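Engineer: Here you go, target_32.json (JSON, C-alpha atoms):
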[["chain", "number", "residue", "atom", "x", "y", "z"],
["A", 1, "MET", "CA", -116.09, -35.75, -79.74],
["A", 2, "ARG", "CA", -114.54, -33.63, -76.96],
["A", 3, "ARG", "CA", -115.61, -36.17, -74.31],
["A", 4, "SER", "CA", -114.11, -39.02, -76.31],
["A", 5, "LEU", "CA", -110.87, -37.09, -76.62],
["A", 6, "LEU", "CA", -110.80, -36.45, -72.88],
["A", 7, "ARG", "CA", -111.47, -40.13, -72.15],
["A", 8, "LEU", "CA", -108.54, -41.02, -74.42],
["A", 9, "THR", "CA", -106.18, -38.35, -73.07],
["A", 10, "ALA", "CA", -106.65, -39.08, -69.35],
["A", 11, "PRO", "CA", -105.26, -42.68, -69.43],
["A", 12, "ILE", "CA", -102.31, -41.54, -71.54],
["A", 13, "LEU", "CA", -101.51, -38.78, -69.05],
["A", 14, "ILE", "CA", -101.80, -41.15, -66.09],
["A", 15, "PHE", "CA", -99.60, -43.73, -67.83],
["A", 16, "THR", "CA", -96.98, -41.07, -68.60],
["A", 17, "LEU", "CA", -96.94, -39.90, -64.97],
["A", 18, "LEU", "CA", -96.67, -43.48, -63.70],
["A", 19, "LEU", "CA", -93.81, -44.14, -66.12],
["A", 20, "MET", "CA", -91.98, -41.05, -64.90],
["A", 21, "LEU", "CA", -92.52, -42.09, -61.28],
["A", 22, "LEU", "CA", -91.23, -45.58, -62.04],
["A", 23, "ARG", "CA", -88.07, -44.16, -63.60],
["A", 24, "TYR", "CA", -87.42, -42.03, -60.52],
["A", 25, "LEU", "CA", -88.02, -45.01, -58.20],
["A", 26, "LEU", "CA", -85.64, -47.15, -60.26],
["A", 27, "ALA", "CA", -83.03, -44.40, -60.06],
["A", 28, "LEU", "CA", -83.33, -44.43, -56.27],
["A", 29, "LEU", "CA", -83.29, -48.22, -55.91],
["A", 30, "ILE", "CA", -80.72, -49.17, -58.55],
["A", 31, "PRO", "CA", -77.41, -47.24, -58.46],
["A", 32, "SER", "CA", -76.42, -45.77, -61.79],
["A", 33, "PRO", "CA", -73.49, -43.65, -63.03],
["A", 34, "VAL", "CA", -74.24, -39.94, -62.79],
["A", 35, "VAL", "CA", -72.42, -37.22, -64.71],
["A", 36, "ALA", "CA", -72.60, -33.45, -64.97],
["A", 37, "TYR", "CA", -71.56, -31.51, -68.04],
["A", 38, "MET", "CA", -71.73, -28.10, -69.62],
["A", 39, "THR", "CA", -73.77, -27.46, -72.74],
["A", 40, "LEU", "CA", -74.29, -24.45, -75.00],
["A", 41, "GLU", "CA", -77.57, -25.63, -76.51],
["A", 42, "THR", "CA", -79.20, -22.23, -76.12],
["A", 43, "GLY", "CA", -76.02, -20.29, -76.81],
["A", 44, "LEU", "CA", -75.40, -19.69, -73.09],
["A", 45, "PRO", "CA", -73.49, -22.00, -70.72],
["A", 46, "ALA", "CA", -75.71, -24.28, -68.61],
["A", 47, "VAL", "CA", -74.95, -27.46, -66.66],
["A", 48, "ILE", "CA", -76.91, -30.71, -67.00],
["A", 49, "VAL", "CA", -76.83, -33.48, -64.39],
["A", 50, "GLN", "CA", -77.70, -36.84, -65.97],
["A", 51, "ASP", "CA", -78.33, -40.37, -64.72],
["A", 52, "LEU", "CA", -76.79, -42.45, -67.51],
["A", 53, "ASN", "CA", -78.82, -45.65, -67.07],
["A", 54, "HIS", "CA", -82.26, -44.21, -66.32],
["A", 55, "ARG", "CA", -81.96, -41.21, -68.67],
["A", 56, "LEU", "CA", -82.99, -38.74, -65.99],
["A", 57, "LYS", "CA", -81.78, -35.17, -66.52],
["A", 58, "LYS", "CA", -81.72, -32.07, -64.37],
["A", 59, "ARG", "CA", -80.80, -28.81, -66.04],
["A", 60, "LEU", "CA", -79.23, -25.98, -64.04],
["A", 61, "ASP", "CA", -80.09, -23.10, -66.34],
["A", 62, "PHE", "CA", -80.98, -20.41, -63.79],
["A", 63, "ASP", "CA", -77.43, -19.03, -64.03],
["A", 64, "PHE", "CA", -74.49, -19.23, -66.45],
["A", 65, "PHE", "CA", -72.66, -22.29, -65.11],
["A", 66, "THR", "CA", -69.71, -24.41, -66.23],
["A", 67, "ASP", "CA", -66.84, -26.51, -64.78],
["A", 68, "PRO", "CA", -68.96, -28.89, -62.64],
["A", 69, "SER", "CA", -67.23, -30.85, -59.85],
["A", 70, "PHE", "CA", -69.14, -33.27, -57.60],
["A", 71, "SER", "CA", -68.79, -33.46, -53.83],
["A", 72, "PRO", "CA", -67.60, -36.93, -52.72],
["A", 73, "ASP", "CA", -71.16, -37.96, -51.80],
["A", 74, "GLY", "CA", -72.55, -36.73, -55.12],
["A", 75, "ALA", "CA", -75.10, -34.51, -53.38],
["A", 76, "ARG", "CA", -73.58, -31.13, -54.36],
["A", 77, "LEU", "CA", -71.80, -29.51, -57.25],
["A", 78, "ALA", "CA", -69.07, -26.90, -57.23],
["A", 79, "LEU", "CA", -69.43, -24.69, -60.32],
["A", 80, "THR", "CA", -68.01, -21.68, -62.06],
["A", 81, "SER", "CA", -70.70, -19.01, -62.25],
["A", 82, "TYR", "CA", -70.18, -16.38, -64.94],
["A", 83, "LEU", "CA", -70.95, -12.81, -63.97],
["A", 84, "ARG", "CA", -71.07, -9.53, -65.88],
["A", 85, "PHE", "CA", -67.55, -8.84, -64.61],
["A", 86, "GLY", "CA", -65.51, -11.98, -63.98],
["A", 87, "SER", "CA", -66.75, -15.22, -62.45],
["A", 88, "ASP", "CA", -67.26, -16.79, -59.02],
["A", 89, "ILE", "CA", -67.22, -20.25, -57.48],
["A", 90, "VAL", "CA", -70.55, -21.51, -56.16],
["A", 91, "ALA", "CA", -71.75, -24.69, -54.43],
["A", 92, "HIS", "CA", -75.14, -26.04, -55.52],
["A", 93, "ASP", "CA", -77.16, -28.58, -53.49],
["A", 94, "LEU", "CA", -78.82, -30.96, -55.95],
["A", 95, "THR", "CA", -81.56, -31.96, -53.50],
["A", 96, "SER", "CA", -82.64, -28.62, -52.07],
["A", 97, "GLY", "CA", -81.69, -26.52, -55.09],
["A", 98, "ILE", "CA", -79.91, -24.03, -52.83],
["A", 99, "THR", "CA", -76.83, -22.35, -54.30],
["A", 100, "ILE", "CA", -74.29, -20.53, -52.15],
["A", 101, "ARG", "CA", -71.61, -18.21, -53.50],
["A", 102, "LEU", "CA", -68.14, -19.06, -52.21],
["A", 103, "THR", "CA", -66.17, -16.19, -53.77],
["A", 104, "ASP", "CA", -67.25, -12.59, -54.15],
["A", 105, "SER", "CA", -64.60, -10.52, -55.87],
["A", 106, "VAL", "CA", -64.58, -8.65, -59.18],
["A", 107, "ALA", "CA", -62.09, -11.13, -60.64],
["A", 108, "ILE", "CA", -61.87, -14.48, -62.40],
["A", 109, "ALA", "CA", -62.47, -17.56, -60.24],
["A", 110, "GLU", "CA", -62.81, -20.81, -62.20],
["A", 111, "SER", "CA", -62.15, -24.55, -62.48],
["A", 112, "PRO", "CA", -63.41, -25.70, -59.05],
["A", 113, "ALA", "CA", -62.26, -29.13, -57.86],
["A", 114, "TRP", "CA", -63.81, -30.77, -54.79],
["A", 115, "SER", "CA", -61.27, -32.67, -52.67],
["A", 116, "PRO", "CA", -61.99, -36.41, -52.26],
["A", 117, "ASP", "CA", -62.21, -36.02, -48.47],
["A", 118, "GLY", "CA", -64.84, -33.31, -48.93],
["A", 119, "ALA", "CA", -62.96, -30.74, -46.85],
["A", 120, "TRP", "CA", -61.89, -28.28, -49.56],
["A", 121, "ILE", "CA", -62.69, -26.89, -52.99],
["A", 122, "ALA", "CA", -59.66, -25.87, -55.03],
["A", 123, "PHE", "CA", -59.96, -23.26, -57.77],
["A", 124, "ALA", "CA", -57.89, -20.92, -59.94],
["A", 125, "SER", "CA", -58.22, -17.15, -59.58],
["A", 126, "ASN", "CA", -56.56, -13.85, -60.42],
["A", 127, "ARG", "CA", -58.14, -12.13, -57.41],
["A", 128, "GLU", "CA", -54.72, -10.89, -56.21],
["A", 129, "GLY", "CA", -53.38, -9.98, -59.64],
["A", 130, "ASP", "CA", -51.56, -13.11, -60.74],
["A", 131, "ASN", "CA", -53.47, -16.30, -61.57],
["A", 132, "ASN", "CA", -52.88, -18.81, -58.78],
["A", 133, "ILE", "CA", -54.43, -21.84, -57.09],
["A", 134, "TYR", "CA", -56.62, -21.31, -54.01],
["A", 135, "ILE", "CA", -58.61, -23.56, -51.68],
["A", 136, "ILE", "CA", -61.78, -22.76, -49.76],
["A", 137, "ARG", "CA", -64.15, -24.64, -47.46],
["A", 138, "PRO", "CA", -67.45, -25.78, -49.07],
["A", 139, "ASP", "CA", -69.31, -23.25, -46.91],
["A", 140, "GLY", "CA", -67.11, -20.35, -48.06],
["A", 141, "ARG", "CA", -64.88, -20.13, -44.97],
["A", 142, "ASP", "CA", -61.11, -20.22, -44.64],
["A", 143, "ARG", "CA", -59.94, -19.25, -48.14],
["A", 144, "ARG", "CA", -56.23, -19.92, -48.64],
["A", 145, "ARG", "CA", -53.78, -19.17, -51.44],
["A", 146, "VAL", "CA", -51.84, -22.32, -52.37],
["A", 147, "THR", "CA", -49.46, -21.12, -55.12],
["A", 148, "THR", "CA", -47.71, -17.76, -55.30],
["A", 149, "HIS", "CA", -46.21, -17.29, -58.74],
["A", 150, "ARG", "CA", -46.40, -14.53, -61.36],
["A", 151, "ALA", "CA", -47.18, -17.07, -64.09],
["A", 152, "GLY", "CA", -50.64, -18.47, -64.73],
["A", 153, "ASP", "CA", -51.53, -21.46, -62.52],
["A", 154, "ARG", "CA", -54.78, -23.10, -63.63],
["A", 155, "GLN", "CA", -56.99, -26.23, -63.64],
["A", 156, "PRO", "CA", -56.36, -27.75, -60.18],
["A", 157, "ALA", "CA", -56.98, -31.48, -59.69],
["A", 158, "TRP", "CA", -56.80, -33.30, -56.34],
["A", 159, "SER", "CA", -54.94, -36.53, -55.67],
["A", 160, "PRO", "CA", -57.19, -39.33, -54.31],
["A", 161, "ASN", "CA", -55.76, -38.88, -50.79],
["A", 162, "SER", "CA", -56.43, -35.10, -50.87],
["A", 163, "LYS", "CA", -52.76, -34.36, -50.07],
["A", 164, "THR", "CA", -51.57, -33.04, -53.43],
["A", 165, "ILE", "CA", -52.95, -30.84, -56.21],
["A", 166, "ALA", "CA", -51.91, -31.19, -59.84],
["A", 167, "PHE", "CA", -52.26, -28.10, -62.02],
["A", 168, "THR", "CA", -51.09, -26.61, -65.31],
["A", 169, "SER", "CA", -48.88, -23.52, -65.47],
["A", 170, "ASN", "CA", -46.84, -21.48, -67.94],
["A", 171, "ARG", "CA", -43.98, -20.97, -65.48],
["A", 172, "GLY", "CA", -41.44, -22.19, -68.05],
["A", 173, "ASP", "CA", -41.32, -22.14, -71.85],
["A", 174, "GLY", "CA", -44.88, -23.41, -72.19],
["A", 175, "TRP", "CA", -47.86, -24.82, -70.32],
["A", 176, "ASN", "CA", -46.72, -27.83, -68.29],
["A", 177, "LEU", "CA", -48.01, -29.96, -65.42],
["A", 178, "TYR", "CA", -46.99, -29.36, -61.81],
["A", 179, "LEU", "CA", -47.74, -30.78, -58.36],
["A", 180, "VAL", "CA", -48.07, -28.84, -55.13],
["A", 181, "ASP", "CA", -47.88, -30.62, -51.77],
["A", 182, "MET", "CA", -50.60, -29.31, -49.46],
["A", 183, "ALA", "CA", -48.56, -29.83, -46.28],
["A", 184, "SER", "CA", -45.32, -28.16, -47.38],
["A", 185, "ASN", "CA", -46.50, -26.02, -50.35],
["A", 186, "GLU", "CA", -43.54, -27.49, -52.27],
["A", 187, "VAL", "CA", -44.07, -27.36, -56.05],
["A", 188, "ARG", "CA", -42.68, -30.03, -58.39],
["A", 189, "GLN", "CA", -42.69, -29.90, -62.20],
["A", 190, "LEU", "CA", -43.96, -33.04, -63.95],
["A", 191, "THR", "CA", -43.76, -32.33, -67.69],
["A", 192, "ASP", "CA", -41.42, -30.20, -69.77],
["A", 193, "HIS", "CA", -42.59, -29.58, -73.32],
["A", 194, "ARG", "CA", -43.10, -26.50, -75.52],
["A", 195, "ALA", "CA", -46.55, -27.72, -76.53],
["A", 196, "PRO", "CA", -49.30, -27.07, -73.94],
["A", 197, "ASP", "CA", -49.99, -29.81, -71.36],
["A", 198, "THR", "CA", -53.34, -29.09, -69.72],
["A", 199, "SER", "CA", -56.37, -30.50, -67.84],
["A", 200, "PRO", "CA", -54.72, -33.01, -65.46],
["A", 201, "ASP", "CA", -56.88, -35.62, -63.72],
["A", 202, "TRP", "CA", -55.70, -38.30, -61.24],
["A", 203, "SER", "CA", -56.52, -41.97, -61.63],
["A", 204, "PRO", "CA", -58.58, -43.35, -58.70],
["A", 205, "ASP", "CA", -55.57, -45.40, -57.52],
["A", 206, "GLY", "CA", -53.33, -42.31, -57.55],
["A", 207, "LYS", "CA", -50.71, -43.89, -59.82],
["A", 208, "ARG", "CA", -51.35, -42.01, -63.08],
["A", 209, "ILE", "CA", -52.43, -38.62, -64.33],
["A", 210, "VAL", "CA", -54.30, -38.24, -67.60],
["A", 211, "PHE", "CA", -53.93, -34.93, -69.43],
["A", 212, "ALA", "CA", -54.43, -33.20, -72.78],
["A", 213, "SER", "CA", -51.46, -32.06, -74.83],
["A", 214, "GLY", "CA", -50.63, -30.55, -78.20],
["A", 215, "ARG", "CA", -47.27, -32.31, -78.39],
["A", 216, "ALA", "CA", -48.43, -34.41, -81.37],
["A", 217, "GLY", "CA", -49.73, -31.39, -83.28],
["A", 218, "ALA", "CA", -53.45, -31.49, -82.57],
["A", 219, "SER", "CA", -54.64, -31.72, -78.98],
["A", 220, "ALA", "CA", -54.57, -35.36, -77.83],
["A", 221, "ILE", "CA", -54.87, -37.39, -74.61],
["A", 222, "TYR", "CA", -51.84, -38.75, -72.72],
["A", 223, "LEU", "CA", -51.01, -40.71, -69.57],
["A", 224, "PHE", "CA", -48.30, -39.78, -67.07],
["A", 225, "GLU", "CA", -46.95, -42.57, -64.83],
["A", 226, "LEU", "CA", -46.12, -40.94, -61.48],
["A", 227, "GLU", "CA", -43.69, -43.67, -60.36],
["A", 228, "THR", "CA", -41.55, -43.68, -63.50],
["A", 229, "GLY", "CA", -42.31, -40.34, -65.14],
["A", 230, "GLU", "CA", -43.15, -42.16, -68.39],
["A", 231, "ILE", "CA", -45.55, -40.40, -70.76],
["A", 232, "SER", "CA", -47.57, -42.47, -73.21],
["A", 233, "PRO", "CA", -50.26, -41.48, -75.75],
["A", 234, "LEU", "CA", -53.77, -42.70, -74.97],
["A", 235, "VAL", "CA", -55.72, -41.14, -77.85],
["A", 236, "VAL", "CA", -54.01, -39.32, -80.73],
["A", 237, "ASN", "CA", -56.35, -38.06, -83.42],
["A", 238, "SER", "CA", -56.48, -35.26, -85.95],
["A", 239, "ARG", "CA", -59.56, -33.93, -84.17],
["A", 240, "TYR", "CA", -59.35, -31.68, -81.09],
["A", 241, "ASP", "CA", -59.52, -33.81, -77.91],
["A", 242, "SER", "CA", -59.48, -32.18, -74.47],
["A", 243, "LEU", "CA", -60.63, -32.21, -70.84],
["A", 244, "PRO", "CA", -60.00, -35.88, -69.96],
["A", 245, "LYS", "CA", -61.59, -37.42, -66.85],
["A", 246, "TRP", "CA", -61.19, -40.86, -65.26],
["A", 247, "THR", "CA", -64.33, -42.88, -64.74],
["A", 248, "PRO", "CA", -64.91, -43.61, -61.02],
["A", 249, "GLU", "CA", -63.78, -47.25, -61.21],
["A", 250, "GLY", "CA", -60.64, -46.34, -63.18],
["A", 251, "ARG", "CA", -61.28, -48.63, -66.15],
["A", 252, "ALA", "CA", -61.77, -45.87, -68.71],
["A", 253, "VAL", "CA", -61.17, -42.22, -69.51],
["A", 254, "THR", "CA", -63.72, -39.84, -70.98],
["A", 255, "PHE", "CA", -62.85, -36.67, -72.87],
["A", 256, "ALA", "CA", -64.39, -33.97, -75.05],
["A", 257, "ARG", "CA", -63.91, -34.27, -78.82],
["A", 258, "SER", "CA", -64.71, -31.40, -81.16],
["A", 259, "VAL", "CA", -66.39, -32.66, -84.34],
["A", 260, "ASP", "CA", -67.45, -30.03, -86.91],
["A", 261, "GLY", "CA", -67.87, -27.41, -84.21],
["A", 262, "VAL", "CA", -69.89, -29.70, -81.91],
["A", 263, "SER", "CA", -68.39, -31.17, -78.72],
["A", 264, "ARG", "CA", -69.09, -34.84, -77.97],
["A", 265, "ILE", "CA", -67.98, -36.88, -74.95],
["A", 266, "MET", "CA", -65.92, -39.91, -75.91],
["A", 267, "ARG", "CA", -64.91, -42.90, -73.77],
["A", 268, "ILE", "CA", -61.81, -45.06, -74.16],
["A", 269, "ASP", "CA", -61.48, -48.38, -72.35],
["A", 270, "LEU", "CA", -57.94, -48.67, -70.96],
["A", 271, "THR", "CA", -57.94, -52.48, -71.14],
["A", 272, "THR", "CA", -59.32, -53.05, -74.63],
["A", 273, "GLY", "CA", -58.57, -49.70, -76.26],
["A", 274, "GLU", "CA", -62.18, -49.55, -77.47],
["A", 275, "LEU", "CA", -63.30, -46.01, -78.29],
["A", 276, "SER", "CA", -66.99, -45.14, -78.05],
["A", 277, "ARG", "CA", -69.23, -42.14, -77.63],
["A", 278, "LEU", "CA", -70.93, -41.59, -74.28],
["A", 279, "ASP", "CA", -74.68, -41.53, -74.86],
["A", 280, "LEU", "CA", -75.85, -38.12, -73.65],
["A", 281, "GLY", "CA", -78.32, -37.55, -76.45],
["A", 282, "GLU", "CA", -77.60, -35.09, -79.21],
["A", 283, "VAL", "CA", -76.56, -32.16, -77.05],
["A", 284, "SER", "CA", -73.15, -30.57, -77.41],
["A", 285, "ALA", "CA", -71.37, -31.56, -74.18],
["A", 286, "ASP", "CA", -68.18, -30.32, -72.56],
["A", 287, "SER", "CA", -66.45, -30.18, -69.16],
["A", 288, "LEU", "CA", -67.86, -33.54, -68.04],
["A", 289, "ALA", "CA", -67.51, -34.64, -64.41],
["A", 290, "TRP", "CA", -68.33, -38.02, -62.83],
["A", 291, "ALA", "CA", -70.06, -38.46, -59.49],
["A", 292, "ARG", "CA", -67.70, -40.59, -57.39],
["A", 293, "GLY", "CA", -70.27, -41.81, -54.88]]
What is this file in C-alpha cells?
Structural biologist:
Amino acid sequence: MRRSLLRLTAPILIFTLLLMLLRYLLALLIPSPVVAYMTLETGLPAVIVQDLNHRLKKRLDFDFFTDPSFSPDGARLALTSYLRFGSDIVAHDLTSGITIRLTDSVAIAESPAWSPDGAWIAFASNREGDNNIYIIRPDGRDRRRVTTHRAGDRQPAWSPNSKTIAFTSNRGDGWNLYLVDMASNEVRQLTDHRAPDTSPDWSPDGKRIVFASGRAGASAIYLFELETGEISPLVVNSRYDSLPKWTPEGRAVTFARSVDGVSRIMRIDLTTGELSRLDLGEVSADSLAWARG
C-alpha cells in the first residue's frame, strides 16, 4: 500500500514542480503587469508583490512594511518599515532580497515615492520636529529637506519628468494639494477646500492629478486638470474610497475601497467608466503601487 502511494505521489509532485517552473518561465518571457500592495492578513502589515497575469506572488513578511513604491525599472521597492519607535524608509531589492535602511532616526518617516528618473526617493518625515517633505538618494546618500513649514506636509508624489512633487498639507483651513518645484523650491497651492484632499498621483502624461477627497461627504476619487484647474469627480460612492493610483498606461485608475471593514482594490476605466475589482485573490489589500517598467 505504501509503495503504491509513493508511486502515485511522485508523478504528482513532479507535475506540480514542472507547472511551477512553467509559470515562472512564462512570467520571464511574457511581460505582465506587476503590483505591490500592503495586506493585514495576519494582523501585521506586510507587502505582497504580485504578477497579475501569471498569479505569482512574493510576500515580504520579514518586517512590518507598507507604502510600496517601485523603482523605474521595477527591480526594487521603497517601503515604510515600522519600528518600535517611529518608522524608517528602506529600499528592498526584489532579486537579491537585500534590504538597505535609508533613514535612521527615532522619528516618523513614511510614504516613500521613487522619482521616475530613478535618482531620488521622496518621503514625509517629522525628523526635525515639523512634518515635511524630504528627498534622499536610493543608496541613502544626500538627504535633503524640500519643504520647510510648521504644518504637516505628507504623501509626496513625483511628476513624470521628476521636476515637481505634489503633496497634501494642512497649511490652510484643511488638507489641500500643493506642488513644490524641485529647482526653485517654490510652493503652489492647487486645491482650496475645507474637506481633506489627500493622496495625489500624477497621470503618466503629466496633465492630471488624481486624488481622494471628502468634499462630497464620504471619501471619493477626483481628477484635477493642471492646465485649467478644473476638478471633476471620478468615483463618488457612499463607501470609503482612498489611495488612488494611475495604471502605467494611463487608461485607468485603481483605488482602495473599504467594504465591511475589508479593503479591496477597485479599477475604473477612464474611457468607458467601467468599475471592476482588481483580482488579487481574497486578501485585504491597501496602498497598491504599479511597476512602471
Engineer: Given only C-alpha atoms as the basis, pick out the residue of A:Leu83, A:Ala122, A:Ala36, A:Ala285 nearest to Ser105 in chain A.
Structural biologist: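 Using only C-alpha atoms, Ser105 in chain A sits closest to A:Leu83.
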Engineer: Go ahead and compute the interatomic distance for CA of Asp104 in chain A and CA of Trp120 in chain A, in Å to one decimal.
Structural biologist: 17.2 Å
Engineer: Which one of A:Ser111, A:Thr271, A:Ser81, A:Asn170 sits closest to Ser287 in chain A if you count all atoms listed in the file?
Structural biologist: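 Looking only at the distances to Ser287 in chain A, the closest residue turns out to be A:Ser111.
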Engineer: Taking 3 positions as the minimum chain separation for residues in the same chain, which residues sit within 9 Å of Ile268 in chain A when counting all atoms listed in the file? Answer as a list in words.
Structural biologist: Leu234, Val235, Arg251, Ala252, Val253, Thr254, Phe255, Thr271, Thr272, Gly273, Glu274, Leu275, Ser276 and Arg277 of chain A
Engineer: Identify which of the residues A:Ala109, A:Ile136, A:Ile231, A:Ala119 lies closest to Ile89 in chain A, counting all atoms listed in the file when measuring atom-to-atom distances.
Structural biologist: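 The closest residue to Ile89 in chain A is A:Ala109.
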Engineer: Could I get the residues of range 137-182 of chain A with an atom no further than 12 Å from an atom of range 67-80 of chain A, each paired with its nearest atom pair and that distance in Å to one decimal, using all atoms listed in the file, sorted by chain and residue number, as JSON lines?
Structural biologist:
{"residue": "A:Arg137", "atom": "CA", "partner": "A:Ala78", "partner_atom": "CA", "distance": 11.2}
{"residue": "A:Pro138", "atom": "CA", "partner": "A:Ala78", "partner_atom": "CA", "distance": 8.4}
{"residue": "A:Asp139", "atom": "CA", "partner": "A:Ala78", "partner_atom": "CA", "distance": 10.9}
{"residue": "A:Gly140", "atom": "CA", "partner": "A:Ala78", "partner_atom": "CA", "distance": 11.4}
{"residue": "A:Gln155", "atom": "CA", "partner": "A:Asp67", "partner_atom": "CA", "distance": 9.9}
{"residue": "A:Pro156", "atom": "CA", "partner": "A:Ser69", "partner_atom": "CA", "distance": 11.3}
{"residue": "A:Ala157", "atom": "CA", "partner": "A:Ser69", "partner_atom": "CA", "distance": 10.3}
{"residue": "A:Trp158", "atom": "CA", "partner": "A:Ser69", "partner_atom": "CA", "distance": 11.3}
{"residue": "A:Pro160", "atom": "CA", "partner": "A:Pro72", "partner_atom": "CA", "distance": 10.8}
{"residue": "A:Ser162", "atom": "CA", "partner": "A:Pro72", "partner_atom": "CA", "distance": 11.5}
Engineer: Gly97 in chain A: which residues within 10 Å, counting all atoms listed in the file, same-chain residues fewer than 3 positions away excluded, as a list in words?
Structural biologist: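 The residues that qualify are Leu60, Arg76, His92, Asp93, Leu94 and Ile100 of chain A.
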Engineer: Save out the residues we just selected, C-alpha atoms, as a PDB file, keeping the file's coordinate frame.
Structural biologist:
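What landed in selection.pdb:
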ATOM      1  CA  LEU A  60     -79.230 -25.980 -64.040  1.00  0.00           C
ATOM      2  CA  ARG A  76     -73.580 -31.130 -54.360  1.00  0.00           C
ATOM      3  CA  HIS A  92     -75.140 -26.040 -55.520  1.00  0.00           C
ATOM      4  CA  ASP A  93     -77.160 -28.580 -53.490  1.00  0.00           C
ATOM      5  CA  LEU A  94     -78.820 -30.960 -55.950  1.00  0.00           C
ATOM      6  CA  ILE A 100     -74.290 -20.530 -52.150  1.00  0.00           C
TER       7      ILE A 100
END
Engineer: In terms of the shortest atom-to-atom distance over only C-alpha atoms, which of A:Thr95, A:Arg267, A:Ser199, A:Leu243 is closest to Tyr37 in chain A?
Structural biologist: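 Nearest to Tyr37 in chain A: A:Leu243.
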Engineer: For Leu44 in chain A, which residue out of A:Asn185, A:Ser125, A:Ser284, A:Asn131 is the nearest one, using all atoms listed in the file?
Structural biologist: A:Ser284
Engineer: May I have the protein, DNA and RNA residues with any atom at most 10 Å from the point (-44.9, -16.6, -68.1), counting only C-alpha atoms, written as a list in words?
Structural biologist: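 All residues meeting the 10 Å criterion around (-44.9, -16.6, -68.1) are His149, Arg150, Ala151, Gly152, Asp153, Ser169, Asn170, Arg171, Gly172, Asp173, Gly174 and Trp175 of chain A.
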Engineer: Since fewer atoms than expected are present, regenerate N, CA and C atoms for range 147-158 of chain A and write them as a PDB file, in the frame of the given file.
Structural biologist:
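Written file, selection_33.pdb:
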ATOM      1  N   THR A 147     -50.653 -21.442 -54.330  1.00  0.00           N
ATOM      2  CA  THR A 147     -49.460 -21.120 -55.120  1.00  0.00           C
ATOM      3  C   THR A 147     -49.272 -19.616 -55.172  1.00  0.00           C
ATOM      4  N   THR A 148     -48.033 -19.197 -55.278  1.00  0.00           N
ATOM      5  CA  THR A 148     -47.710 -17.760 -55.300  1.00  0.00           C
ATOM      6  C   THR A 148     -46.667 -17.517 -56.378  1.00  0.00           C
ATOM      7  N   HIS A 149     -47.117 -17.450 -57.609  1.00  0.00           N
ATOM      8  CA  HIS A 149     -46.210 -17.290 -58.740  1.00  0.00           C
ATOM      9  C   HIS A 149     -46.790 -16.270 -59.703  1.00  0.00           C
ATOM     10  N   ARG A 150     -45.934 -15.544 -60.416  1.00  0.00           N
ATOM     11  CA  ARG A 150     -46.400 -14.530 -61.360  1.00  0.00           C
ATOM     12  C   ARG A 150     -46.927 -15.124 -62.649  1.00  0.00           C
ATOM     13  N   ALA A 151     -46.653 -16.398 -62.892  1.00  0.00           N
ATOM     14  CA  ALA A 151     -47.180 -17.070 -64.090  1.00  0.00           C
ATOM     15  C   ALA A 151     -48.645 -17.443 -63.859  1.00  0.00           C
ATOM     16  N   GLY A 152     -49.239 -18.056 -64.848  1.00  0.00           N
ATOM     17  CA  GLY A 152     -50.640 -18.470 -64.730  1.00  0.00           C
ATOM     18  C   GLY A 152     -50.762 -19.904 -64.264  1.00  0.00           C
ATOM     19  N   ASP A 153     -51.263 -20.118 -63.046  1.00  0.00           N
ATOM     20  CA  ASP A 153     -51.530 -21.460 -62.520  1.00  0.00           C
ATOM     21  C   ASP A 153     -53.017 -21.732 -62.660  1.00  0.00           C
ATOM     22  N   ARG A 154     -53.375 -22.842 -63.307  1.00  0.00           N
ATOM     23  CA  ARG A 154     -54.780 -23.100 -63.630  1.00  0.00           C
ATOM     24  C   ARG A 154     -55.130 -24.588 -63.476  1.00  0.00           C
ATOM     25  N   GLN A 155     -56.423 -24.878 -63.540  1.00  0.00           N
ATOM     26  CA  GLN A 155     -56.990 -26.230 -63.640  1.00  0.00           C
ATOM     27  C   GLN A 155     -56.498 -27.166 -62.530  1.00  0.00           C
ATOM     28  N   PRO A 156     -56.787 -26.863 -61.271  1.00  0.00           N
ATOM     29  CA  PRO A 156     -56.360 -27.750 -60.180  1.00  0.00           C
ATOM     30  C   PRO A 156     -57.097 -29.079 -60.198  1.00  0.00           C
ATOM     31  N   ALA A 157     -56.390 -30.140 -59.784  1.00  0.00           N
ATOM     32  CA  ALA A 157     -56.980 -31.480 -59.690  1.00  0.00           C
ATOM     33  C   ALA A 157     -56.384 -32.179 -58.467  1.00  0.00           C
ATOM     34  N   TRP A 158     -57.244 -32.683 -57.589  1.00  0.00           N
ATOM     35  CA  TRP A 158     -56.800 -33.300 -56.340  1.00  0.00           C
ATOM     36  C   TRP A 158     -56.329 -34.736 -56.539  1.00  0.00           C
TER      37      TRP A 158
END
